[in-house]
>>> print(open('run-v9.pdb').read())   # PDB, C-alpha atoms and all ligand atoms
ATOM      1  CA  MET A   1      25.160  13.660  -9.778
ATOM      2  CA  LYS A   2      23.412  10.788  -8.006
ATOM      3  CA  LYS A   3      20.187  11.756  -6.227
ATOM      4  CA  LEU A   4      19.441  10.399  -2.760
ATOM      5  CA  PHE A   5      15.982   9.346  -1.545
ATOM      6  CA  ALA A   6      14.868   7.795   1.761
ATOM      7  CA  ILE A   7      11.993   6.466   3.798
ATOM      8  CA  PHE A   8      11.378   7.947   7.268
ATOM      9  CA  GLY A   9       9.585   5.881   9.893
ATOM     10  CA  ASN A  10       9.583   4.421  13.387
ATOM     11  CA  PRO A  11       9.946   1.463  13.075
ATOM     12  CA  VAL A  12      11.465   1.461   9.614
ATOM     13  CA  SER A  13      13.725  -1.602   9.453
ATOM     14  CA  HIS A  14      10.862  -3.727   8.031
ATOM     15  CA  SER A  15      10.328  -1.391   5.067
ATOM     16  CA  ARG A  16      10.661  -2.837   1.559
ATOM     17  CA  SER A  17      10.682   0.619  -0.027
ATOM     18  CA  PRO A  18      14.510   0.768  -0.442
ATOM     19  CA  LEU A  19      14.464  -2.534  -2.334
ATOM     20  CA  MET A  20      11.530  -1.419  -4.522
ATOM     21  CA  HIS A  21      12.911   1.976  -5.497
ATOM     22  CA  ASN A  22      16.517   0.824  -5.871
ATOM     23  CA  SER A  23      15.359  -1.946  -8.241
ATOM     24  CA  VAL A  24      13.770   0.682 -10.463
ATOM     25  CA  PHE A  25      16.768   3.047 -10.291
ATOM     26  CA  LYS A  26      19.312   0.312 -10.945
ATOM     27  CA  ASN A  27      17.478  -1.561 -13.704
ATOM     28  CA  LEU A  28      16.333   1.568 -15.540
ATOM     29  CA  ASN A  29      19.764   3.243 -15.175
ATOM     30  CA  TYR A  30      18.480   6.203 -13.209
ATOM     31  CA  LYS A  31      21.248   7.867 -11.193
ATOM     32  CA  ALA A  32      19.748   7.630  -7.717
ATOM     33  CA  CYS A  33      19.880   5.652  -4.500
ATOM     34  CA  TYR A  34      17.225   5.070  -1.800
ATOM     35  CA  THR A  35      17.905   4.453   1.893
ATOM     36  CA  ARG A  36      15.972   4.297   5.175
ATOM     37  CA  VAL A  37      16.029   6.667   8.162
ATOM     38  CA  HIS A  38      14.858   5.675  11.625
ATOM     39  CA  LEU A  39      13.211   8.912  12.770
ATOM     40  CA  LYS A  40      12.019   8.922  16.369
ATOM     41  CA  ASP A  41      10.901  12.553  16.594
ATOM     42  CA  GLY A  42       8.586  13.489  13.701
ATOM     43  CA  THR A  43       9.129  17.218  14.278
ATOM     44  CA  LYS A  44      12.760  16.710  13.127
ATOM     45  CA  LEU A  45      11.675  15.519   9.676
ATOM     46  CA  LYS A  46      12.393  18.669   7.672
ATOM     47  CA  GLU A  47      15.735  19.324   9.353
ATOM     48  CA  THR A  48      16.858  15.705   8.830
ATOM     49  CA  PHE A  49      15.669  15.714   5.209
ATOM     50  CA  PHE A  50      17.812  18.745   4.341
ATOM     51  CA  ASN A  51      20.799  17.640   6.471
ATOM     52  CA  LEU A  52      20.922  14.435   4.425
ATOM     53  CA  GLY A  53      20.653  16.357   1.137
ATOM     54  CA  LEU A  54      17.646  14.341  -0.042
ATOM     55  CA  SER A  55      15.837  14.906  -3.326
ATOM     56  CA  GLY A  56      12.693  13.223  -2.060
ATOM     57  CA  ALA A  57      11.344  10.821   0.537
ATOM     58  CA  ASN A  58       8.557   8.564   1.620
ATOM     59  CA  ILE A  59       7.066   8.806   5.087
ATOM     60  CA  THR A  60       5.643   5.885   6.997
ATOM     61  CA  VAL A  61       4.129   5.197  10.415
ATOM     62  CA  PRO A  62       3.773   7.297  12.610
ATOM     63  CA  HIS A  63       4.948  10.503  10.855
ATOM     64  CA  LYS A  64       2.569  11.082   7.933
ATOM     65  CA  GLU A  65       0.582  13.830   9.640
ATOM     66  CA  GLU A  66       3.787  15.485  10.855
ATOM     67  CA  ALA A  67       5.061  15.295   7.252
ATOM     68  CA  TYR A  68       2.021  17.245   6.106
ATOM     69  CA  LYS A  69       2.913  20.012   8.587
ATOM     70  CA  ALA A  70       6.560  20.039   7.457
ATOM     71  CA  CYS A  71       5.733  20.768   3.788
ATOM     72  CA  ASP A  72       5.846  24.202   2.157
ATOM     73  CA  GLU A  73       3.202  23.208  -0.380
ATOM     74  CA  ILE A  74       0.720  20.344  -0.634
ATOM     75  CA  ARG A  75      -0.476  19.017  -3.985
ATOM     76  CA  GLY A  76      -3.363  16.791  -5.044
ATOM     77  CA  PHE A  77      -5.220  14.393  -2.790
ATOM     78  CA  ALA A  78      -2.930  15.053   0.235
ATOM     79  CA  SER A  79      -4.475  18.507   0.703
ATOM     80  CA  LYS A  80      -7.873  16.875   1.160
ATOM     81  CA  VAL A  81      -6.725  14.577   3.963
ATOM     82  CA  GLY A  82      -3.823  16.338   5.685
ATOM     83  CA  VAL A  83      -1.658  13.239   5.333
ATOM     84  CA  VAL A  84       1.557  13.069   3.316
ATOM     85  CA  ASN A  85       3.492   9.913   2.370
ATOM     86  CA  THR A  86       5.731  11.369  -0.359
ATOM     87  CA  ILE A  87       7.774  14.566  -0.292
ATOM     88  CA  ILE A  88       9.777  16.111  -3.102
ATOM     89  CA  ASN A  89      12.527  18.705  -2.803
ATOM     90  CA  GLU A  90      11.591  21.286  -5.417
ATOM     91  CA  ASN A  91      14.279  23.986  -5.439
ATOM     92  CA  GLY A  92      14.668  23.883  -1.661
ATOM     93  CA  LYS A  93      10.925  23.715  -0.972
ATOM     94  CA  LEU A  94       9.192  20.630   0.363
ATOM     95  CA  ILE A  95       6.218  19.581  -1.771
ATOM     96  CA  GLY A  96       3.885  17.006  -0.202
ATOM     97  CA  TYR A  97       1.792  14.329  -1.914
ATOM     98  CA  ASN A  98      -0.261  11.299  -0.912
ATOM     99  CA  THR A  99       0.043   8.189  -3.080
ATOM    100  CA  ASP A 100      -1.329   5.677  -0.516
ATOM    101  CA  ALA A 101      -4.989   6.082  -1.380
ATOM    102  CA  ASP A 102      -4.660   5.550  -5.123
ATOM    103  CA  GLY A 103      -2.212   2.728  -4.406
ATOM    104  CA  PHE A 104      -4.902   1.020  -2.347
ATOM    105  CA  MET A 105      -7.591   1.489  -5.026
ATOM    106  CA  PHE A 106      -5.223  -0.326  -7.382
ATOM    107  CA  ALA A 107      -4.857  -3.151  -4.832
ATOM    108  CA  ILE A 108      -8.588  -3.836  -4.367
ATOM    109  CA  LYS A 109      -9.536  -3.800  -8.057
ATOM    110  CA  GLU A 110      -9.604  -7.598  -8.065
ATOM    111  CA  PHE A 111     -12.424  -7.631  -5.461
ATOM    112  CA  GLY A 112     -14.791  -6.118  -8.045
ATOM    113  CA  ASP A 113     -17.590  -3.732  -7.160
ATOM    114  CA  ILE A 114     -17.192  -2.573  -3.546
ATOM    115  CA  LYS A 115     -19.969  -0.416  -2.056
ATOM    116  CA  ASN A 116     -19.607  -0.718   1.695
ATOM    117  CA  ILE A 117     -16.309  -0.717   3.634
ATOM    118  CA  LEU A 118     -15.371  -0.956   7.310
ATOM    119  CA  ILE A 119     -12.005   0.558   8.252
ATOM    120  CA  LEU A 120     -10.226  -0.582  11.402
ATOM    121  CA  GLY A 121      -8.101   2.292  12.757
ATOM    122  CA  ALA A 122      -8.204   6.067  12.510
ATOM    123  CA  GLY A 123      -4.617   7.073  11.741
ATOM    124  CA  GLY A 124      -3.089   8.623   8.642
ATOM    125  CA  THR A 125      -3.755   5.662   6.368
ATOM    126  CA  ALA A 126      -7.378   5.435   7.486
ATOM    127  CA  LYS A 127      -7.862   9.137   6.749
ATOM    128  CA  ALA A 128      -6.473   8.858   3.235
ATOM    129  CA  LEU A 129      -8.418   5.702   2.417
ATOM    130  CA  SER A 130     -11.747   6.893   3.834
ATOM    131  CA  ALA A 131     -11.644  10.167   1.893
ATOM    132  CA  ARG A 132     -10.713   8.281  -1.281
ATOM    133  CA  PHE A 133     -13.534   5.731  -0.818
ATOM    134  CA  LEU A 134     -16.103   8.502  -0.212
ATOM    135  CA  GLN A 135     -14.907  10.173  -3.410
ATOM    136  CA  ASP A 136     -16.048   6.996  -5.246
ATOM    137  CA  ASN A 137     -19.396   7.016  -3.363
ATOM    138  CA  ILE A 138     -18.457   3.991  -1.253
ATOM    139  CA  LYS A 139     -20.165   3.896   2.175
ATOM    140  CA  VAL A 140     -17.478   4.037   4.903
ATOM    141  CA  SER A 141     -17.629   2.965   8.563
ATOM    142  CA  VAL A 142     -14.673   3.401  10.931
ATOM    143  CA  ILE A 143     -13.879   1.710  14.241
ATOM    144  CA  ASN A 144     -10.960   2.841  16.403
ATOM    145  CA  ARG A 145      -9.494   2.115  19.827
ATOM    146  CA  SER A 146      -9.398   5.817  20.835
ATOM    147  CA  GLU A 147     -12.582   7.790  20.353
ATOM    148  CA  GLY A 148     -10.742  11.122  20.176
ATOM    149  CA  ARG A 149      -9.383  10.378  16.732
ATOM    150  CA  LEU A 150     -12.814   9.839  15.162
ATOM    151  CA  SER A 151     -13.883  13.473  14.766
ATOM    152  CA  TYR A 152     -12.262  13.861  11.321
ATOM    153  CA  PHE A 153     -14.145  10.812  10.077
ATOM    154  CA  LYS A 154     -17.489  12.053  11.474
ATOM    155  CA  GLU A 155     -16.976  15.378   9.724
ATOM    156  CA  ILE A 156     -16.378  13.855   6.301
ATOM    157  CA  GLY A 157     -19.440  11.582   6.569
ATOM    158  CA  CYS A 158     -18.260   8.193   7.869
ATOM    159  CA  GLU A 159     -20.215   6.151  10.367
ATOM    160  CA  CYS A 160     -17.942   6.014  13.452
ATOM    161  CA  PHE A 161     -17.546   3.584  16.326
ATOM    162  CA  SER A 162     -15.290   3.079  19.302
ATOM    163  CA  TRP A 163     -14.886  -0.462  20.644
ATOM    164  CA  ASN A 164     -17.695   0.182  23.164
ATOM    165  CA  THR A 165     -20.269   1.423  20.664
ATOM    166  CA  PHE A 166     -19.617  -0.951  17.757
ATOM    167  CA  ARG A 167     -22.564  -2.733  16.060
ATOM    168  CA  PRO A 168     -21.590  -4.694  12.912
ATOM    169  CA  LYS A 169     -23.467  -4.411   9.609
ATOM    170  CA  LYS A 170     -22.868  -6.208   6.315
ATOM    171  CA  TYR A 171     -19.646  -5.108   4.582
ATOM    172  CA  ASP A 172     -18.198  -5.881   1.158
ATOM    173  CA  LEU A 173     -14.688  -5.282   2.499
ATOM    174  CA  VAL A 174     -12.989  -4.766   5.875
ATOM    175  CA  VAL A 175      -9.570  -3.107   5.918
ATOM    176  CA  ASN A 176      -7.123  -3.150   8.810
ATOM    177  CA  THR A 177      -5.217   0.137   8.847
ATOM    178  CA  THR A 178      -4.077  -0.143  12.476
ATOM    179  CA  SER A 179      -0.468  -1.034  13.232
ATOM    180  CA  ALA A 180      -1.668  -3.941  15.414
ATOM    181  CA  GLY A 181       0.203  -6.994  14.137
ATOM    182  CA  LEU A 182       3.032  -4.982  12.584
ATOM    183  CA  LYS A 183       5.604  -5.629  15.308
ATOM    184  CA  ASP A 184       3.447  -7.662  17.707
ATOM    185  CA  GLU A 185       0.823 -10.397  17.611
ATOM    186  CA  GLU A 186      -2.137  -8.207  18.554
ATOM    187  CA  LEU A 187      -5.542  -8.051  16.910
ATOM    188  CA  PRO A 188      -6.796  -4.580  15.842
ATOM    189  CA  ALA A 189      -9.713  -4.861  18.324
ATOM    190  CA  PRO A 190     -10.879  -7.337  21.005
ATOM    191  CA  LYS A 191     -11.409 -10.859  19.614
ATOM    192  CA  GLU A 192     -15.207 -10.843  19.990
ATOM    193  CA  ILE A 193     -15.447  -7.651  17.913
ATOM    194  CA  ILE A 194     -13.150  -9.055  15.219
ATOM    195  CA  ASP A 195     -15.184 -12.287  15.109
ATOM    196  CA  SER A 196     -18.426 -10.350  14.608
ATOM    197  CA  ILE A 197     -16.792  -8.254  11.871
ATOM    198  CA  LEU A 198     -15.462 -11.285  10.006
ATOM    199  CA  GLU A 199     -18.902 -12.927  10.068
ATOM    200  CA  ASN A 200     -20.235  -9.929   8.176
ATOM    201  CA  THR A 201     -17.799  -9.321   5.317
ATOM    202  CA  ASN A 202     -17.038 -10.767   1.872
ATOM    203  CA  PHE A 203     -13.393  -9.648   1.639
ATOM    204  CA  VAL A 204     -10.600  -8.648   4.012
ATOM    205  CA  ALA A 205      -7.468  -6.564   3.434
ATOM    206  CA  ASP A 206      -4.608  -5.516   5.684
ATOM    207  CA  ALA A 207      -2.326  -2.527   5.080
ATOM    208  CA  ILE A 208       0.505  -4.470   6.739
ATOM    209  CA  TYR A 209       2.596  -6.476   4.310
ATOM    210  CA  GLY A 210       5.182  -9.232   4.414
ATOM    211  CA  LYS A 211       3.519 -11.225   7.180
ATOM    212  CA  LEU A 212       0.232 -12.870   7.988
ATOM    213  CA  THR A 213      -1.091 -10.669  10.800
ATOM    214  CA  PRO A 214      -3.269 -12.225  13.528
ATOM    215  CA  PHE A 215      -6.192 -10.446  11.816
ATOM    216  CA  LEU A 216      -5.460 -12.084   8.447
ATOM    217  CA  LYS A 217      -4.869 -15.449  10.136
ATOM    218  CA  LEU A 218      -8.389 -15.304  11.549
ATOM    219  CA  ALA A 219      -9.812 -14.350   8.135
ATOM    220  CA  LYS A 220      -7.924 -17.239   6.549
ATOM    221  CA  ASN A 221      -9.272 -19.698   9.148
ATOM    222  CA  LYS A 222     -12.784 -18.540   8.286
ATOM    223  CA  ASN A 223     -12.120 -19.047   4.535
ATOM    224  CA  ILE A 224     -12.599 -15.367   3.711
ATOM    225  CA  THR A 225     -10.751 -14.096   0.623
ATOM    226  CA  PHE A 226      -8.015 -11.786   1.899
ATOM    227  CA  LYS A 227      -4.910  -9.897   0.840
ATOM    228  CA  ASP A 228      -2.070  -8.265   2.713
ATOM    229  CA  GLY A 229      -0.666  -4.797   1.991
ATOM    230  CA  ALA A 230       1.836  -5.827  -0.704
ATOM    231  CA  ASP A 231      -0.216  -4.607  -3.683
ATOM    232  CA  MET A 232      -1.015  -1.367  -1.856
ATOM    233  CA  LEU A 233       2.702  -0.937  -1.271
ATOM    234  CA  LEU A 234       3.409  -1.576  -4.934
ATOM    235  CA  GLY A 235       0.660   0.827  -6.071
ATOM    236  CA  GLN A 236       1.804   3.699  -3.825
ATOM    237  CA  GLY A 237       5.452   2.986  -4.685
ATOM    238  CA  VAL A 238       4.941   3.260  -8.439
ATOM    239  CA  LEU A 239       3.166   6.604  -8.018
ATOM    240  CA  ALA A 240       5.871   7.882  -5.621
ATOM    241  CA  ASN A 241       8.651   6.780  -7.973
ATOM    242  CA  GLU A 242       7.010   8.663 -10.828
ATOM    243  CA  LEU A 243       7.210  11.786  -8.670
ATOM    244  CA  PHE A 244      10.835  11.079  -7.691
ATOM    245  CA  VAL A 245      11.979  10.791 -11.309
ATOM    246  CA  ASN A 246       9.759  13.679 -12.380
ATOM    247  CA  SER A 247       8.146  11.522 -15.108
ATOM    248  CA  GLU A 248      11.546  10.896 -16.753
ATOM    249  CA  LEU A 249      10.862   7.136 -16.665
ATOM    250  CA  ASN A 250       7.974   5.234 -18.237
ATOM    251  CA  LYS A 251       5.290   4.252 -15.676
ATOM    252  CA  GLU A 252       4.800   0.736 -17.106
ATOM    253  CA  LYS A 253       8.539   0.104 -16.813
ATOM    254  CA  ILE A 254       8.583   1.431 -13.231
ATOM    255  CA  TYR A 255       5.711  -0.946 -12.391
ATOM    256  CA  LYS A 256       7.477  -3.919 -13.990
ATOM    257  CA  GLU A 257      10.815  -3.342 -12.227
ATOM    258  CA  MET A 258       9.223  -2.577  -8.881
ATOM    259  CA  LYS A 259       7.034  -5.698  -9.022
ATOM    260  CA  LYS A 260      10.133  -7.813  -9.675
ATOM    261  CA  SER A 261      11.628  -6.576  -6.384
ATOM    262  CA  PHE A 262       8.805  -8.319  -4.477
ATOM    263  CA  ILE A 263      10.317 -11.726  -5.184
ATOM    264  CA  LEU A 264      13.796 -10.679  -4.001
TER     265      LEU A 264
HETATM  266  P1  LIG A 301      -0.861   5.812  12.438
HETATM  267  O1  LIG A 301       0.157   5.764  13.512
HETATM  268  O2  LIG A 301      -1.245   7.103  11.822
HETATM  269  O3  LIG A 301      -2.220   5.121  13.013
HETATM  270  C1  LIG A 301      -2.171   3.928  13.683
HETATM  271  C2  LIG A 301      -3.589   3.443  14.004
HETATM  272  O4  LIG A 301      -3.462   2.137  14.576
HETATM  273  C3  LIG A 301      -4.359   4.283  15.033
HETATM  274  O5  LIG A 301      -5.719   4.294  14.682
HETATM  275  C4  LIG A 301      -4.137   3.505  16.347
HETATM  276  O6  LIG A 301      -5.200   3.642  17.257
HETATM  277  C5  LIG A 301      -4.162   2.099  15.826
HETATM  278  N1  LIG A 301      -3.449   1.137  16.662
HETATM  279  C6  LIG A 301      -2.105   1.062  16.899
HETATM  280  N2  LIG A 301      -1.841   0.004  17.692
HETATM  281  C7  LIG A 301      -3.024  -0.609  17.949
HETATM  282  C8  LIG A 301      -3.397  -1.755  18.695
HETATM  283  N3  LIG A 301      -2.497  -2.493  19.340
HETATM  284  N4  LIG A 301      -4.702  -2.089  18.749
HETATM  285  C9  LIG A 301      -5.618  -1.357  18.072
HETATM  286  N5  LIG A 301      -5.351  -0.255  17.356
HETATM  287  C10 LIG A 301      -4.051   0.113  17.296
HETATM  288  O7  LIG A 301      -0.373   4.735  11.324
HETATM  289  P2  LIG A 301      -0.546   4.746   9.735
HETATM  290  O8  LIG A 301      -1.958   5.002   9.395
HETATM  291  O9  LIG A 301       0.493   5.576   9.118
HETATM  292  O10 LIG A 301      -0.166   3.213   9.377
HETATM  293  C11 LIG A 301      -0.970   2.164   9.860
HETATM  294  C12 LIG A 301      -0.483   0.815   9.309
HETATM  295  O11 LIG A 301      -0.616   0.747   7.893
HETATM  296  C13 LIG A 301       0.981   0.525   9.612
HETATM  297  O12 LIG A 301       1.083  -0.828   9.995
HETATM  298  C14 LIG A 301       1.680   0.764   8.274
HETATM  299  O13 LIG A 301       2.839  -0.029   8.156
HETATM  300  C15 LIG A 301       0.594   0.302   7.301
HETATM  301  N6  LIG A 301       0.711   0.924   5.966
HETATM  302  C16 LIG A 301       0.958   0.148   4.865
HETATM  303  C17 LIG A 301       1.025   0.707   3.605
HETATM  304  C18 LIG A 301       1.275  -0.147   2.428
HETATM  305  O14 LIG A 301       1.690   0.377   1.405
HETATM  306  N7  LIG A 301       1.008  -1.420   2.481
HETATM  307  C19 LIG A 301       0.871   2.154   3.386
HETATM  308  C20 LIG A 301       0.563   2.861   4.590
HETATM  309  C21 LIG A 301       0.521   2.272   5.836
HETATM  310  P3  LIG A 301      -5.231   4.827  18.384
HETATM  311  O15 LIG A 301      -5.825   6.031  17.679
HETATM  312  O16 LIG A 301      -6.115   4.280  19.436
HETATM  313  O17 LIG A 301      -3.816   5.031  18.832
END
>>> encode(input="run-v9.pdb", output="structure tokens")
Amino acid sequence: MKKLFAIFGNPVSHSRSPLMHNSVFKNLNYKACYTRVHLKDGTKLKETFFNLGLSGANITVPHKEEAYKACDEIRGFASKVGVVNTIINENGKLIGYNTDADGFMFAIKEFGDIKNILILGAGGTAKALSARFLQDNIKVSVINRSEGRLSYFKEIGCECFSWNTFRPKKYDLVVNTTSAGLKDEELPAPKEIIDSILENTNFVADAIYGKLTPFLKLAKNKNITFKDGADMLLGQGVLANELFVNSELNKEKIYKEMKKSFIL
């Protein structure tokens, strides 16, 4: 029987995940299909998952923390951060994982030795990345629009700023994990803050993919080496697909087929 997988998000129409996973399933002859679900109310995740008869799913903005709550069991790195981007139906139980953080580590390999990172945003992605960076002894600073969301980051040992308290230092890498620029033309913070940040970093990355965000445009104008979220997407997707197929497919082959889907 064909298995069905999906991505849940709001918005979700921009997601390349169906293309990525279906390329793997089709080209490696795995009997499965992957679709997208526009989920407005995150608390309906579990109910919708089972109503659709899914074998597994990915979760994107803004439901990753709600996905953590919906799971019966959390495995691996996700339990450290309380954020889930991949769920598997294991005999009627929802098992939650996080593949974003390792996907991002894969994406920034080409920047070489990174010791000091500034994260813009304090949502689910920021949580996963900051905990993963700290695990590798990278110094992490976080700046977010709302101060209330910073307490998690303070607790785990990040230096935290709101827009009002921000003082830039020297960074090896600045990462935009806000959704500013995803469906609008906004910068992740007021222009003067972004300018001061870009004057103090060697590299820039954005979690958003498929478009040059206003943040990346500014980095490009200042001749800073930058990358969008495509490699992060690929990295997390390969790891999620491995979970979906329960290691029945070879990881190198999954990587190869999924990468091909990026030129479609
Ligand atoms: P969350 O909803 O959990 O967090 C969103 C964050 O963005 C919050 O810190 C929020 O600040 C901030 N924010 C939203 N709008 C603005 C704005 N206009 N100005 C400044 N800050 C803003 O989202 P996620 O962490 O799940 O995802 C964040 C982004 O990362 C999304 O664009 C998503 O598509 C992308 N992503 C890409 C991946 C990839 O594979 N490439 C993987 C995962 C995510 P506040 O607290 O003040 O509301």
>>> resolve_selection(input="run-v9.pdb", expression="the PyMOL selection byres (((chain A and resi 143-151) around 10) and not hetatm)", output="ChimeraX atom specification")
/A:118-123,126-127,141-142,152-156,158-167,176-178,188-190
>>> write_last_selection(input="run-v9.pdb", atoms="C-alpha atoms", output="compact mmCIF listing (two decimals), keeping the file's coordinate frame")
# COMPACT_ATOMS: atom_id res chain seq x y z
CA LEU A 118 -15.37 -0.96 7.31
CA ILE A 119 -12.00 0.56 8.25
CA LEU A 120 -10.23 -0.58 11.40
CA GLY A 121 -8.10 2.29 12.76
CA ALA A 122 -8.20 6.07 12.51
CA GLY A 123 -4.62 7.07 11.74
CA ALA A 126 -7.38 5.44 7.49
CA LYS A 127 -7.86 9.14 6.75
CA SER A 141 -17.63 2.96 8.56
CA VAL A 142 -14.67 3.40 10.93
CA TYR A 152 -12.26 13.86 11.32
CA PHE A 153 -14.14 10.81 10.08
CA LYS A 154 -17.49 12.05 11.47
CA GLU A 155 -16.98 15.38 9.72
CA ILE A 156 -16.38 13.86 6.30
CA CYS A 158 -18.26 8.19 7.87
CA GLU A 159 -20.22 6.15 10.37
CA CYS A 160 -17.94 6.01 13.45
CA PHE A 161 -17.55 3.58 16.33
CA SER A 162 -15.29 3.08 19.30
CA TRP A 163 -14.89 -0.46 20.64
CA ASN A 164 -17.70 0.18 23.16
CA THR A 165 -20.27 1.42 20.66
CA PHE A 166 -19.62 -0.95 17.76
CA ARG A 167 -22.56 -2.73 16.06
CA ASN A 176 -7.12 -3.15 8.81
CA THR A 177 -5.22 0.14 8.85
CA THR A 178 -4.08 -0.14 12.48
CA PRO A 188 -6.80 -4.58 15.84
CA ALA A 189 -9.71 -4.86 18.32
CA PRO A 190 -10.88 -7.34 21.00
>>> residues_around(input="run-v9.pdb", residues="Tyr209 in chain A", least_positions_apart="6", cutoff="10 Å", atoms="only C-alpha atoms", output="list in words")
His14, Ser15, Arg16, Leu182, Lys227, Asp228, Gly229, Ala230, Asp231, Met232 and Leu233 of chain A
>>> residues_around(input="run-v9.pdb", residues="Tyr30 in chain A", least_positions_apart="6", cutoff="12 Å", atoms="all atoms listed in the file", output="VMD selection string")
chain A and resid 1 to 4 21 to 24 241 to 242 244 to 250 254
>>> residues_around(input="run-v9.pdb", residues="Val175 in chain A", least_positions_apart="4", cutoff="6 Å", atoms="only C-alpha atoms", output="list in words")
Ile119, Val204, Ala205 and Asp206 of chain A
>>> closest_residue(input="run-v9.pdb", among="A:Asn27, A:Thr225, A:Gln236, A:Ser261", to="ligand LIG 301 (chain A)", atoms="all atoms listed in the file")
A:Gln236
>>> residues_around(input="run-v9.pdb", residues="Asp113 in chain A", least_positions_apart="3", cutoff="9 Å", atoms="only C-alpha atoms", output="list in words")
Lys109, Glu110 and Asp172 of chain A
>>> write_last_selection(input="run-v9.pdb", atoms="C-alpha atoms", output="PDB file, in the frame of the given file")
ATOM      1  CA  LYS A 109      -9.536  -3.800  -8.057  1.00  0.00           C
ATOM      2  CA  GLU A 110      -9.604  -7.598  -8.065  1.00  0.00           C
ATOM      3  CA  ASP A 172     -18.198  -5.881   1.158  1.00  0.00           C
TER       4      ASP A 172
END
>>> closest_residue(input="run-v9.pdb", among="A:Thr86, A:Ser179, A:Asn29, A:Ser13", to="ligand LIG 301 (chain A)", atoms="all atoms listed in the file")
A:Ser179
>>> closest_residue(input="run-v9.pdb", among="A:Ala70, A:Val12, A:Ile197, A:Leu54", to="ligand LIG 301 (chain A)", atoms="only C-alpha atoms and all ligand atoms")
A:Val12
>>> resolve_selection(input="run-v9.pdb", expression="the PyMOL selection byres (((chain A and resi 43) around 12) and not hetatm)", output="tab-separated table (two decimals) with C-alpha atoms, in the frame of the given file")
chain	number	residue	atom	x	y	z
A	8	PHE	CA	11.38	7.95	7.27
A	39	LEU	CA	13.21	8.91	12.77
A	40	LYS	CA	12.02	8.92	16.37
A	41	ASP	CA	10.90	12.55	16.59
A	42	GLY	CA	8.59	13.49	13.70
A	44	LYS	CA	12.76	16.71	13.13
A	45	LEU	CA	11.68	15.52	9.68
A	46	LYS	CA	12.39	18.67	7.67
A	47	GLU	CA	15.74	19.32	9.35
A	48	THR	CA	16.86	15.70	8.83
A	49	PHE	CA	15.67	15.71	5.21
A	62	PRO	CA	3.77	7.30	12.61
A	63	HIS	CA	4.95	10.50	10.86
A	64	LYS	CA	2.57	11.08	7.93
A	65	GLU	CA	0.58	13.83	9.64
A	66	GLU	CA	3.79	15.48	10.86
A	67	ALA	CA	5.06	15.30	7.25
A	68	TYR	CA	2.02	17.24	6.11
A	69	LYS	CA	2.91	20.01	8.59
A	70	ALA	CA	6.56	20.04	7.46
A	71	CYS	CA	5.73	20.77	3.79
>>> closest_atom_pairs(input="run-v9.pdb", of="range 235-262 of chain A", to="range 94-100 of chain A", cutoff="8 Å", atoms="only C-alpha atoms", output="CSV")
residue,atom,partner,partner_atom,distance
A:Gly235,CA,A:Asp100,CA,7.6
A:Gln236,CA,A:Thr99,CA,4.9
A:Gly237,CA,A:Thr99,CA,7.7
A:Leu239,CA,A:Thr99,CA,6.1
A:Ala240,CA,A:Thr99,CA,6.4
>>> closest_residue(input="run-v9.pdb", among="A:Gly76, A:Pro11, A:Gly53, A:Pro18", to="ligand LIG 301 (chain A)", atoms="all atoms listed in the file")
A:Pro11
>>> axis_aligned_box(input="run-v9.pdb", around="ligand LIG 301 (chain A)", padding_each_side="5 Å", output="AutoDock Vina command-line options")
--center_x -1.6 --center_y 2.3 --center_z 10.4 --size_x 19.0 --size_y 19.6 --size_z 28.0
>>> closest_residue(input="run-v9.pdb", among="A:Asp72, A:Glu199, A:Asp102, A:Glu257", to="Arg132 in chain A", atoms="all atoms listed in the file")
A:Asp102
